[in-house]
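> I am attaching a structure below and will ask some questions about it afterwards.
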Amino acid sequence: MSNTTNVSIGIIGAGWVAEHAHLPSFLSMEGVSIGAVYDTELSRAAHLAEQAGARACTSLSEIDQIPLDGVLVCTPNHTHYEIAKYFLQQGIHVLCEKPMTTTAEEAVSLRRIAEVSGAVLLMGFVNRYRDDIRELRSRITSGHIGDVQVCEVIWRRKKGIPRPGSWFTQQKLSGGGVLIDLGSHMIDQMLFLTDAPEPVACLAGLHSRPVQQGGYSNWLGSVESQTVEVEDTAIGMIQFANGMLGRIHVSWQDDVEGDAVEIHLKGNRGSMILRTLFGFSNQGLYKQPSLQFSRAGEDPEWFTFPPKTDVLIEFRRQAQHFVDCIRETKQPYITAGDGERVIRLIQLLYQSAHKGLVAT
């Protein structure tokens, strides 16, 4: 497929992230069209299909009638495996929202299916495309702080449960709470930034509070029901084979002044702290990202990033990478193996939360 050939994309799942992030990103690209929008609710599929000039579908058999080069899977977590498998086995390329699957066993199977089919399976770890993360990664690989000894990843929200009562908060549909949601992004960051080897031990705790009363809502929507079966806070530690210690703290509702992401890295030559915010929160604590770099025993230096002028820049870059992989018949730089490693660690942390320290 040449670089000028039109690429037809199917949107599988017409929820918030599809409408507000993925769809506008693909529509902004030359030589890319949306052929179909699928959702189990026709009204939602039709709403996005009208914006895209696409066909609305409520069954996968309908989509089979539409020629597609690739699909974006952004359905509830428990459906990722079967839907991605369905398209990969037809040789249709897949961009899969996180998490890859809800179990490590399914992740292994999906990776193997992608390898056999030869189709692209790009994991939707969209924050890897951010300028602040790229800068942080560049400094780490350039040896600014030496060998990484400790990596701590934090994403805490003040009021950020995704529509309490929705599939996000139902165990069978989501596979877990904030750990599999925000934690998917943060564990991927830990592995991506440090090139961490295999884990040798995990320890985690899960916690939750009642949903705040009085019309709870945020940028994702309002309360759908009082059914919240999953954790809203997760804290964990991971010991890796090279001796590096990883720590994760993620929360949907916490005692903080505003929503924030922090990544702390300590090496044998110095340390770095990135303060930023992922996602679309309107309660961000930091006005713009900043990076603090300290050589061992010296005063810190500061690097401030310019404010974002394009709120979808990382989604546009992700969409472009997916299309480039399709056109150039190349495998993505975020692989199925990356998605597998993340869900494996999440599964180990959940096991630890229920059983205690888990050695791998």
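So you can find residues: chains in the structure tokens are A, B, ... in the order shown, residues in each start at 1, and ligands are numbered from 1 in order.
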I'd like the contact shell of range 134-140 of chain A - 12 Å cut-off, only C-alpha atoms, skipping same-chain residues fewer than 3 positions apart - returned as a PyMOL selection string.

chain A and resi 126-131+143-149+151+189-195+262-276+289-293+303-305+314

> Taking only range 76-280 of chain A into account, list the residues labelled helix (DSSP H, G or I) by DSSP (computed from the backbone), as number ranges by chain.

A: 77-88, 104-117, 126-129, 131-141, 167-169, 171-174, 178-194

> Can you list, as a list in words, every protein, DNA or RNA residue that comes within 9 Å of His249 in chain A when you count only C-alpha atoms, leaving out same-chain residues fewer than 4 positions away?

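In the requested format, the answer is Glu152, Val153, Ile154, Trp155, Arg156, Leu179, Gly183, Met186, Thr233, Ala234, Ile235 and Gly236 of chain A.
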
> As number ranges by chain, which residues of range 157-348 of chain A does DSSP assign to strand (DSSP E)?

A: 199-207, 217-218, 221-222, 233-240, 245-251, 260-267, 270-276, 290-295, 301-304

> Find the residue from A:Gly339, A:Pro332, A:Gly205, A:Pro306 that sits nearest to Asp132 in chain A; use only C-alpha atoms when measuring.

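Closest candidate: A:Pro306.
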
> Near Phe168 in chain A, counting only C-alpha atoms, which residues have an atom at most 7 Å away, once you skip same-chain residues fewer than 4 positions from it, shown as number ranges by chain?

A: 162, 174, 177

> Could those residues be written to a file, using C-alpha atoms, as a short mmCIF file (atom, residue, chain, number, x, y, z; two decimals), in the first residue's frame?


data_model
loop_
_atom_site.label_atom_id
_atom_site.label_comp_id
_atom_site.auth_asym_id
_atom_site.auth_seq_id
_atom_site.Cartn_x
_atom_site.Cartn_y
_atom_site.Cartn_z
CA PRO A 162 -15.65 7.41 35.10
CA SER A 174 -13.92 -3.77 33.30
CA GLY A 177 -11.03 -0.44 38.80
#

> Rounded to one decimal place, report the CA of Asp324 in chain A-CA of Ile180 in chain A distance in Å.

28.6 Å

> Quick one: residues within 12 Å of Leu72 in chain A, only C-alpha atoms, excluding same-chain residues fewer than 5 positions away - as a PyMOL selection string?

chain A and resi 8-15+17-19+21-23+25-26+34-38+80+83-84+87-88+92-98+120-124+318-319+322-323

> Write a file of the selected residues as a CSV table (one decimal), in the first residue's frame, keeping C-alpha atoms.


chain,number,residue,atom,x,y,z
A,8,SER,CA,-10.4,3.1,5.6
A,9,ILE,CA,-10.9,2.9,9.3
A,10,GLY,CA,-13.7,1.3,11.4
A,11,ILE,CA,-14.6,2.7,14.8
A,12,ILE,CA,-15.6,-0.1,17.1
A,13,GLY,CA,-17.3,1.4,20.2
A,14,ALA,CA,-18.9,4.9,20.0
A,15,GLY,CA,-18.2,6.1,23.5
A,17,VAL,CA,-13.1,8.7,23.9
A,18,ALA,CA,-14.1,7.7,20.4
A,19,GLU,CA,-16.2,10.8,19.9
A,21,ALA,CA,-10.4,12.1,20.8
A,22,HIS,CA,-10.1,9.3,18.2
A,23,LEU,CA,-12.7,10.4,15.7
A,25,SER,CA,-7.9,12.7,15.1
A,26,PHE,CA,-8.6,10.4,12.2
A,34,ILE,CA,-14.1,6.3,8.4
A,35,GLY,CA,-16.0,3.5,6.7
A,36,ALA,CA,-18.0,2.2,9.6
A,37,VAL,CA,-19.0,3.0,13.2
A,38,TYR,CA,-20.1,0.1,15.4
A,80,HIS,CA,-11.2,-6.3,23.7
A,83,ILE,CA,-13.3,-8.1,19.0
A,84,ALA,CA,-9.5,-7.7,18.3
A,87,PHE,CA,-10.5,-8.5,13.0
A,88,LEU,CA,-6.9,-9.8,13.3
A,92,ILE,CA,-7.5,-6.3,9.4
A,93,HIS,CA,-5.1,-4.1,11.4
A,94,VAL,CA,-6.1,-3.1,15.0
A,95,LEU,CA,-5.5,-0.1,17.2
A,96,CYS,CA,-6.7,-1.4,20.6
A,97,GLU,CA,-7.4,1.0,23.5
A,98,LYS,CA,-5.9,0.0,26.8
A,120,VAL,CA,-0.7,-4.7,13.0
A,121,LEU,CA,-1.8,-4.8,16.6
A,122,LEU,CA,-1.0,-1.3,18.0
A,123,MET,CA,-1.6,-0.8,21.7
A,124,GLY,CA,-3.3,2.5,22.6
A,318,GLN,CA,-1.1,7.9,17.5
A,319,ALA,CA,-3.5,7.9,14.6
A,322,PHE,CA,-1.3,3.5,13.0
A,323,VAL,CA,-2.0,4.7,9.4

> One decimal, Å: what's the distance from CA of Gly284 in chain A over to CA of Gln226 in chain A, could you say?

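Separating CA of Gly284 in chain A from CA of Gln226 in chain A is a distance of 26.0 Å.
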
> Which is closest to Val223 in chain A among A:Ser208, A:Gln239, A:Ser33, A:Thr169, if we use only C-alpha atoms?

A:Thr169

> Of the residues A:Gly176, A:Glu257, A:Asp181, A:Lys158, which is the one nearest to Tyr216 in chain A, using only C-alpha atoms?

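Of the candidates, the smallest distance to Tyr216 in chain A is held by A:Lys158.
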
> Report as a PDB file with N, CA and C atoms, in the first residue's frame all protein, DNA and RNA residues lying within 10 Å of Gln51 in chain A, evaluated on only C-alpha atoms, omitting residues in the same chain fewer than 2 positions from it.


ATOM      1  N   GLU A  19     -15.573   9.550  20.400  1.00  0.00           N
ATOM      2  CA  GLU A  19     -16.158  10.782  19.871  1.00  0.00           C
ATOM      3  C   GLU A  19     -15.248  11.994  20.047  1.00  0.00           C
ATOM      4  N   LEU A  23     -12.004   9.992  16.910  1.00  0.00           N
ATOM      5  CA  LEU A  23     -12.674  10.366  15.662  1.00  0.00           C
ATOM      6  C   LEU A  23     -12.130  11.671  15.078  1.00  0.00           C
ATOM      7  N   PRO A  24     -12.045  12.753  15.859  1.00  0.00           N
ATOM      8  CA  PRO A  24     -11.489  13.976  15.272  1.00  0.00           C
ATOM      9  C   PRO A  24     -10.040  13.832  14.832  1.00  0.00           C
ATOM     10  N   LEU A  27     -10.240  12.041  11.428  1.00  0.00           N
ATOM     11  CA  LEU A  27     -10.878  12.889  10.433  1.00  0.00           C
ATOM     12  C   LEU A  27      -9.982  14.036   9.985  1.00  0.00           C
ATOM     13  N   ILE A  34     -13.433   7.226   7.420  1.00  0.00           N
ATOM     14  CA  ILE A  34     -14.098   6.342   8.378  1.00  0.00           C
ATOM     15  C   ILE A  34     -15.181   5.594   7.617  1.00  0.00           C
ATOM     16  N   ALA A  46     -24.960   5.835  15.209  1.00  0.00           N
ATOM     17  CA  ALA A  46     -25.457   6.758  14.189  1.00  0.00           C
ATOM     18  C   ALA A  46     -24.950   8.169  14.427  1.00  0.00           C
ATOM     19  N   HIS A  47     -24.857   8.563  15.680  1.00  0.00           N
ATOM     20  CA  HIS A  47     -24.375   9.909  16.022  1.00  0.00           C
ATOM     21  C   HIS A  47     -22.958  10.129  15.500  1.00  0.00           C
ATOM     22  N   LEU A  48     -22.065   9.170  15.735  1.00  0.00           N
ATOM     23  CA  LEU A  48     -20.683   9.307  15.253  1.00  0.00           C
ATOM     24  C   LEU A  48     -20.596   9.087  13.747  1.00  0.00           C
ATOM     25  N   ALA A  49     -21.396   8.156  13.215  1.00  0.00           N
ATOM     26  CA  ALA A  49     -21.356   7.879  11.782  1.00  0.00           C
ATOM     27  C   ALA A  49     -21.761   9.106  10.976  1.00  0.00           C
ATOM     28  N   GLY A  53     -19.452  10.622   8.079  1.00  0.00           N
ATOM     29  CA  GLY A  53     -19.884  10.186   6.770  1.00  0.00           C
ATOM     30  C   GLY A  53     -19.725   8.693   6.593  1.00  0.00           C
ATOM     31  N   ALA A  54     -19.981   7.952   7.654  1.00  0.00           N
ATOM     32  CA  ALA A  54     -19.761   6.502   7.670  1.00  0.00           C
ATOM     33  C   ALA A  54     -21.083   5.766   7.838  1.00  0.00           C
TER      34      ALA A  54
END

> Taking only C-alpha atoms into account, name the residue in A:Ser251, A:Glu298, A:Met100, A:Val211 that is nearest to Cys74 in chain A.

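Counting only C-alpha atoms, the residue closest to Cys74 in chain A is A:Met100.
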
> Applying 10 Å and only C-alpha atoms, which residues near Glu82 in chain A remain after dropping the ones on its own chain fewer than 6 positions away? List them as a PDB file with N, CA and C atoms, in the first residue's frame.


ATOM      1  N   LEU A  88      -8.266  -9.310  13.579  1.00  0.00           N
ATOM      2  CA  LEU A  88      -6.908  -9.766  13.276  1.00  0.00           C
ATOM      3  C   LEU A  88      -6.917 -11.035  12.436  1.00  0.00           C
ATOM      4  N   THR A 101      -6.248  -6.623  27.123  1.00  0.00           N
ATOM      5  CA  THR A 101      -7.269  -7.599  27.506  1.00  0.00           C
ATOM      6  C   THR A 101      -7.469  -7.443  29.010  1.00  0.00           C
ATOM      7  N   GLU A 106      -5.285 -14.094  27.977  1.00  0.00           N
ATOM      8  CA  GLU A 106      -5.873 -13.565  26.750  1.00  0.00           C
ATOM      9  C   GLU A 106      -4.866 -12.712  25.988  1.00  0.00           C
ATOM     10  N   LEU A 110      -3.783 -13.189  22.138  1.00  0.00           N
ATOM     11  CA  LEU A 110      -3.990 -12.138  21.145  1.00  0.00           C
ATOM     12  C   LEU A 110      -2.682 -11.774  20.447  1.00  0.00           C
TER      13      LEU A 110
END

> Nearest to Ile113 in chain A: which of A:Trp252, A:Tyr286, A:Tyr350, A:Tyr86 is it, counting only C-alpha atoms?

A:Tyr86
